[in-house]
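This is coords_33.cif. It holds mmCIF, C-alpha atoms.
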```cif
data_start
loop_
_atom_site.label_atom_id
_atom_site.label_comp_id
_atom_site.auth_asym_id
_atom_site.auth_seq_id
_atom_site.Cartn_x
_atom_site.Cartn_y
_atom_site.Cartn_z
CA MET A 85 43.25 -44.69 -25.67
CA ILE A 86 46.01 -44.34 -23.09
CA ASP A 87 47.09 -41.04 -24.64
CA ALA A 88 43.55 -39.68 -24.41
CA LEU A 89 43.30 -40.64 -20.75
CA PHE A 90 46.70 -39.11 -20.09
CA LEU A 91 45.67 -35.82 -21.72
CA LEU A 92 42.39 -35.83 -19.81
CA GLY A 93 44.31 -36.31 -16.56
CA ILE A 94 46.66 -33.46 -17.45
CA VAL A 95 43.72 -31.15 -18.19
CA ILE A 96 42.06 -32.02 -14.88
CA LEU A 97 45.33 -31.51 -13.01
CA VAL A 98 45.97 -28.13 -14.66
CA GLY A 99 42.39 -27.11 -13.86
CA PHE A 100 42.87 -28.02 -10.21
CA VAL A 101 46.18 -26.17 -9.96
CA ALA A 102 44.77 -23.18 -11.85
CA ASN A 103 41.84 -23.01 -9.45
CA ALA A 104 44.24 -22.98 -6.50
CA ALA A 105 46.36 -20.31 -8.21
CA PHE A 106 43.22 -18.22 -8.84
CA ARG A 107 42.60 -17.95 -5.12
CA ILE A 108 46.08 -16.50 -4.63
CA THR A 109 46.70 -14.43 -7.78
CA LYS A 110 43.14 -13.63 -8.96
CA ILE A 111 44.15 -14.67 -12.50
CA PRO A 112 41.17 -16.56 -13.99
CA ASP A 113 41.66 -20.31 -14.13
CA ALA A 114 39.97 -20.46 -17.54
CA LEU A 115 42.94 -18.52 -18.93
CA PHE A 116 45.28 -21.35 -17.94
CA LEU A 117 42.99 -23.92 -19.55
CA ILE A 118 42.77 -21.90 -22.77
CA ILE A 119 46.57 -21.67 -22.89
CA LEU A 120 46.81 -25.43 -22.25
CA GLY A 121 44.40 -26.06 -25.12
CA ILE A 122 46.50 -23.95 -27.46
CA VAL A 123 49.67 -25.73 -26.36
CA ILE A 124 48.35 -29.30 -26.76
CA GLY A 125 46.51 -28.48 -29.98
CA PRO A 126 48.14 -26.23 -32.58
CA ILE A 127 51.59 -25.79 -31.02
CA PHE A 128 52.65 -29.38 -30.18
CA GLY A 129 50.01 -31.17 -32.23
CA PHE A 130 48.98 -33.75 -29.63
CA ILE A 131 45.40 -33.47 -30.89
CA ASN A 132 44.65 -33.72 -34.59
CA PRO A 133 41.80 -31.30 -35.51
CA GLU A 134 40.36 -33.68 -38.10
CA SER A 135 39.97 -36.48 -35.58
CA ALA A 136 38.55 -34.07 -32.99
CA PHE A 137 35.75 -33.01 -35.38
CA GLN A 138 34.58 -36.60 -35.66
CA TYR A 139 33.67 -36.59 -31.93
CA ALA A 140 32.35 -33.02 -31.82
CA THR A 141 28.66 -33.89 -32.07
CA THR A 142 28.87 -36.51 -29.32
CA VAL A 143 30.83 -34.28 -26.98
CA THR A 144 28.48 -31.36 -27.67
CA ALA A 145 25.44 -33.48 -26.85
CA LEU A 146 27.03 -34.70 -23.61
CA MET A 147 27.96 -31.18 -22.55
CA LEU A 148 24.42 -29.95 -23.19
CA ILE A 149 23.02 -32.80 -21.10
CA ILE A 150 25.42 -32.00 -18.25
CA VAL A 151 24.60 -28.28 -18.34
CA MET A 152 20.87 -28.88 -18.47
CA LEU A 153 20.97 -31.24 -15.49
#
```

Could you write out this structure as C-alpha cells?
Amino acid sequence: MIDALFLLGIVILVGFVANAAFRITKIPDALFLIILGIVIGPIFGFINPESAFQYATTVTALMLIIVML
C-alpha cells in the first residue's frame, strides 16, 4: 500500500513538473508521463502487469465517471 501511494505521489509530482516545463520548452507534458510509465513499468518492473490487470475494470469505470462528470 505504501509503495502504491509513493508511486502515485511520484506520478503527480512528475506531472506538475512536466506542466511547468511545458510552459517553458513547449514539450508536451504527456510525453514525460508516458516516459515515466515506461520506466516504472517494463524497464524497472515496479508494477507487475498481471496485478495491474486485476484492477483495470475498476480504474476504467472510475475514469469514465470522472470524464463524464

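The coordinates place atom CA of Ile94 of chain A at 14.6 Å from atom CA of Ala114 of chain A.
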
(request) Work out how far atom CA of Thr142 of chain A is from atom CA of Phe130 of chain A, in Å to one decimal. (result) 20.3 Å

(request) Pick out the residues sitting within 8 Å of Val98 of chain A, and hand them over as a ChimeraX atom specification; count all atoms listed in the file, and ignore anything fewer than 3 positions along from it in its own chain. (result) /A:94-95,101-102,116-117

Running the PyMOL selection byres ((chain A and resi 113) around 12) on this model by hand, what would come out? Give it as an mmCIF file with C-alpha atoms, keeping the file's coordinate frame.
```
data_model
loop_
_atom_site.group_PDB
_atom_site.id
_atom_site.type_symbol
_atom_site.label_atom_id
_atom_site.label_comp_id
_atom_site.auth_asym_id
_atom_site.auth_seq_id
_atom_site.Cartn_x
_atom_site.Cartn_y
_atom_site.Cartn_z
ATOM 1 C CA VAL A 95 43.720 -31.150 -18.190
ATOM 2 C CA ILE A 96 42.060 -32.020 -14.880
ATOM 3 C CA LEU A 97 45.330 -31.510 -13.010
ATOM 4 C CA VAL A 98 45.970 -28.130 -14.660
ATOM 5 C CA GLY A 99 42.390 -27.110 -13.860
ATOM 6 C CA PHE A 100 42.870 -28.020 -10.210
ATOM 7 C CA VAL A 101 46.180 -26.170 -9.960
ATOM 8 C CA ALA A 102 44.770 -23.180 -11.850
ATOM 9 C CA ASN A 103 41.840 -23.010 -9.450
ATOM 10 C CA ALA A 104 44.240 -22.980 -6.500
ATOM 11 C CA ALA A 105 46.360 -20.310 -8.210
ATOM 12 C CA PHE A 106 43.220 -18.220 -8.840
ATOM 13 C CA ARG A 107 42.600 -17.950 -5.120
ATOM 14 C CA ILE A 108 46.080 -16.500 -4.630
ATOM 15 C CA THR A 109 46.700 -14.430 -7.780
ATOM 16 C CA LYS A 110 43.140 -13.630 -8.960
ATOM 17 C CA ILE A 111 44.150 -14.670 -12.500
ATOM 18 C CA PRO A 112 41.170 -16.560 -13.990
ATOM 19 C CA ALA A 114 39.970 -20.460 -17.540
ATOM 20 C CA LEU A 115 42.940 -18.520 -18.930
ATOM 21 C CA PHE A 116 45.280 -21.350 -17.940
ATOM 22 C CA LEU A 117 42.990 -23.920 -19.550
ATOM 23 C CA ILE A 118 42.770 -21.900 -22.770
ATOM 24 C CA ILE A 119 46.570 -21.670 -22.890
ATOM 25 C CA LEU A 120 46.810 -25.430 -22.250
#
```

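Interatomic distance, atom CA of Leu89 of chain A against atom CA of Ile124 of chain A: 13.8 Å.
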
Can you write segment 99-133 of chain A from the block above with N, CA, C and O atoms, as an mmCIF file, in the first residue's frame?
```
data_model
loop_
_atom_site.group_PDB
_atom_site.id
_atom_site.type_symbol
_atom_site.label_atom_id
_atom_site.label_comp_id
_atom_site.auth_asym_id
_atom_site.auth_seq_id
_atom_site.Cartn_x
_atom_site.Cartn_y
_atom_site.Cartn_z
ATOM 1 N N GLY A 99 4.030 14.982 -13.124
ATOM 2 C CA GLY A 99 3.030 15.706 -13.904
ATOM 3 C C GLY A 99 3.077 17.197 -13.639
ATOM 4 O O GLY A 99 2.972 18.008 -14.566
ATOM 5 N N PHE A 100 3.247 17.585 -12.385
ATOM 6 C CA PHE A 100 3.340 19.000 -12.035
ATOM 7 C C PHE A 100 4.589 19.640 -12.639
ATOM 8 O O PHE A 100 4.532 20.725 -13.221
ATOM 9 N N VAL A 101 5.720 18.950 -12.500
ATOM 10 C CA VAL A 101 6.976 19.473 -13.051
ATOM 11 C C VAL A 101 6.920 19.506 -14.576
ATOM 12 O O VAL A 101 7.394 20.466 -15.205
ATOM 13 N N ALA A 102 6.326 18.484 -15.185
ATOM 14 C CA ALA A 102 6.214 18.448 -16.641
ATOM 15 C C ALA A 102 5.325 19.570 -17.147
ATOM 16 O O ALA A 102 5.590 20.150 -18.207
ATOM 17 N N ASN A 103 4.279 19.895 -16.406
ATOM 18 C CA ASN A 103 3.412 21.003 -16.803
ATOM 19 C C ASN A 103 4.165 22.326 -16.741
ATOM 20 O O ASN A 103 4.022 23.179 -17.620
ATOM 21 N N ALA A 104 4.980 22.498 -15.710
ATOM 22 C CA ALA A 104 5.792 23.711 -15.611
ATOM 23 C C ALA A 104 6.833 23.765 -16.727
ATOM 24 O O ALA A 104 7.090 24.829 -17.301
ATOM 25 N N ALA A 105 7.421 22.612 -17.062
ATOM 26 C CA ALA A 105 8.412 22.566 -18.136
ATOM 27 C C ALA A 105 7.761 22.826 -19.495
ATOM 28 O O ALA A 105 8.389 23.385 -20.390
ATOM 29 N N PHE A 106 6.495 22.425 -19.649
ATOM 30 C CA PHE A 106 5.790 22.654 -20.908
ATOM 31 C C PHE A 106 5.664 24.143 -21.197
ATOM 32 O O PHE A 106 5.790 24.571 -22.349
ATOM 33 N N ARG A 107 5.432 24.913 -20.176
ATOM 34 C CA ARG A 107 5.281 26.358 -20.375
ATOM 35 C C ARG A 107 6.569 27.000 -20.873
ATOM 36 O O ARG A 107 6.530 28.006 -21.566
ATOM 37 N N ILE A 108 7.701 26.409 -20.517
ATOM 38 C CA ILE A 108 8.996 26.963 -20.917
ATOM 39 C C ILE A 108 9.469 26.372 -22.245
ATOM 40 O O ILE A 108 9.884 27.107 -23.142
ATOM 41 N N THR A 109 9.397 25.048 -22.378
ATOM 42 C CA THR A 109 10.008 24.372 -23.526
ATOM 43 C C THR A 109 9.033 24.008 -24.629
ATOM 44 O O THR A 109 9.455 23.660 -25.722
ATOM 45 N N LYS A 110 7.734 24.050 -24.357
ATOM 46 C CA LYS A 110 6.686 23.645 -25.303
ATOM 47 C C LYS A 110 6.767 22.165 -25.685
ATOM 48 O O LYS A 110 6.263 21.754 -26.714
ATOM 49 N N ILE A 111 7.423 21.359 -24.832
ATOM 50 C CA ILE A 111 7.417 19.899 -24.991
ATOM 51 C C ILE A 111 6.206 19.389 -24.219
ATOM 52 O O ILE A 111 6.061 19.705 -23.034
ATOM 53 N N PRO A 112 5.325 18.611 -24.856
ATOM 54 C CA PRO A 112 4.088 18.189 -24.177
ATOM 55 C C PRO A 112 4.353 17.433 -22.879
ATOM 56 O O PRO A 112 5.249 16.588 -22.804
ATOM 57 N N ASP A 113 3.574 17.765 -21.849
ATOM 58 C CA ASP A 113 3.759 17.120 -20.557
ATOM 59 C C ASP A 113 3.342 15.655 -20.589
ATOM 60 O O ASP A 113 3.844 14.849 -19.812
ATOM 61 N N ALA A 114 2.451 15.293 -21.494
ATOM 62 C CA ALA A 114 2.047 13.891 -21.608
ATOM 63 C C ALA A 114 3.228 13.014 -22.022
ATOM 64 O O ALA A 114 3.294 11.849 -21.646
ATOM 65 N N LEU A 115 4.154 13.573 -22.769
ATOM 66 C CA LEU A 115 5.342 12.826 -23.175
ATOM 67 C C LEU A 115 6.161 12.400 -21.958
ATOM 68 O O LEU A 115 6.632 11.267 -21.879
ATOM 69 N N PHE A 116 6.302 13.294 -20.995
ATOM 70 C CA PHE A 116 7.038 12.961 -19.772
ATOM 71 C C PHE A 116 6.319 11.866 -18.985
ATOM 72 O O PHE A 116 6.950 10.972 -18.429
ATOM 73 N N LEU A 117 4.991 11.934 -18.943
ATOM 74 C CA LEU A 117 4.237 10.925 -18.207
ATOM 75 C C LEU A 117 4.280 9.569 -18.902
ATOM 76 O O LEU A 117 4.328 8.526 -18.237
ATOM 77 N N ILE A 118 4.295 9.562 -20.229
ATOM 78 C CA ILE A 118 4.421 8.301 -20.969
ATOM 79 C C ILE A 118 5.787 7.682 -20.696
ATOM 80 O O ILE A 118 5.905 6.474 -20.448
ATOM 81 N N ILE A 119 6.822 8.497 -20.722
ATOM 82 C CA ILE A 119 8.177 8.005 -20.441
ATOM 83 C C ILE A 119 8.259 7.475 -19.010
ATOM 84 O O ILE A 119 8.849 6.427 -18.755
ATOM 85 N N LEU A 120 7.635 8.181 -18.057
ATOM 86 C CA LEU A 120 7.625 7.706 -16.672
ATOM 87 C C LEU A 120 6.916 6.360 -16.567
ATOM 88 O O LEU A 120 7.375 5.465 -15.859
ATOM 89 N N GLY A 121 5.819 6.198 -17.292
ATOM 90 C CA GLY A 121 5.100 4.925 -17.273
ATOM 91 C C GLY A 121 5.935 3.788 -17.826
ATOM 92 O O GLY A 121 5.909 2.664 -17.310
ATOM 93 N N ILE A 122 6.703 4.064 -18.861
ATOM 94 C CA ILE A 122 7.580 3.038 -19.422
ATOM 95 C C ILE A 122 8.697 2.700 -18.440
ATOM 96 O O ILE A 122 9.064 1.537 -18.274
ATOM 97 N N VAL A 123 9.207 3.709 -17.759
ATOM 98 C CA VAL A 123 10.306 3.476 -16.814
ATOM 99 C C VAL A 123 9.832 2.670 -15.604
ATOM 100 O O VAL A 123 10.499 1.701 -15.209
ATOM 101 N N ILE A 124 8.684 3.028 -15.007
ATOM 102 C CA ILE A 124 8.253 2.314 -13.809
ATOM 103 C C ILE A 124 7.599 0.980 -14.131
ATOM 104 O O ILE A 124 7.456 0.138 -13.253
ATOM 105 N N GLY A 125 7.221 0.768 -15.369
ATOM 106 C CA GLY A 125 6.597 -0.495 -15.757
ATOM 107 C C GLY A 125 7.600 -1.497 -16.287
ATOM 108 O O GLY A 125 8.220 -2.239 -15.523
ATOM 109 N N PRO A 126 7.789 -1.532 -17.599
ATOM 110 C CA PRO A 126 8.638 -2.570 -18.193
ATOM 111 C C PRO A 126 10.129 -2.475 -17.858
ATOM 112 O O PRO A 126 10.790 -3.496 -17.726
ATOM 113 N N ILE A 127 10.671 -1.286 -17.692
ATOM 114 C CA ILE A 127 12.124 -1.171 -17.518
ATOM 115 C C ILE A 127 12.554 -1.595 -16.109
ATOM 116 O O ILE A 127 13.390 -2.481 -15.944
ATOM 117 N N PHE A 128 11.997 -0.957 -15.073
ATOM 118 C CA PHE A 128 12.406 -1.284 -13.699
ATOM 119 C C PHE A 128 11.489 -2.298 -13.031
ATOM 120 O O PHE A 128 11.837 -2.857 -12.002
ATOM 121 N N GLY A 129 10.322 -2.515 -13.571
ATOM 122 C CA GLY A 129 9.425 -3.535 -13.049
ATOM 123 C C GLY A 129 8.783 -3.212 -11.721
ATOM 124 O O GLY A 129 8.476 -4.117 -10.944
ATOM 125 N N PHE A 130 8.553 -1.939 -11.418
ATOM 126 C CA PHE A 130 7.889 -1.574 -10.170
ATOM 127 C C PHE A 130 6.429 -2.037 -10.168
ATOM 128 O O PHE A 130 5.864 -2.311 -9.121
ATOM 129 N N ILE A 131 5.833 -2.085 -11.350
ATOM 130 C CA ILE A 131 4.442 -2.503 -11.475
ATOM 131 C C ILE A 131 4.395 -3.806 -12.252
ATOM 132 O O ILE A 131 4.909 -3.901 -13.356
ATOM 133 N N ASN A 132 3.770 -4.809 -11.670
ATOM 134 C CA ASN A 132 3.614 -6.101 -12.310
ATOM 135 C C ASN A 132 2.374 -6.052 -13.207
ATOM 136 O O ASN A 132 1.286 -5.752 -12.721
ATOM 137 N N PRO A 133 2.494 -6.333 -14.507
ATOM 138 C CA PRO A 133 1.337 -6.231 -15.409
ATOM 139 C C PRO A 133 0.179 -7.145 -15.008
ATOM 140 O O PRO A 133 -0.976 -6.776 -15.178
#
```
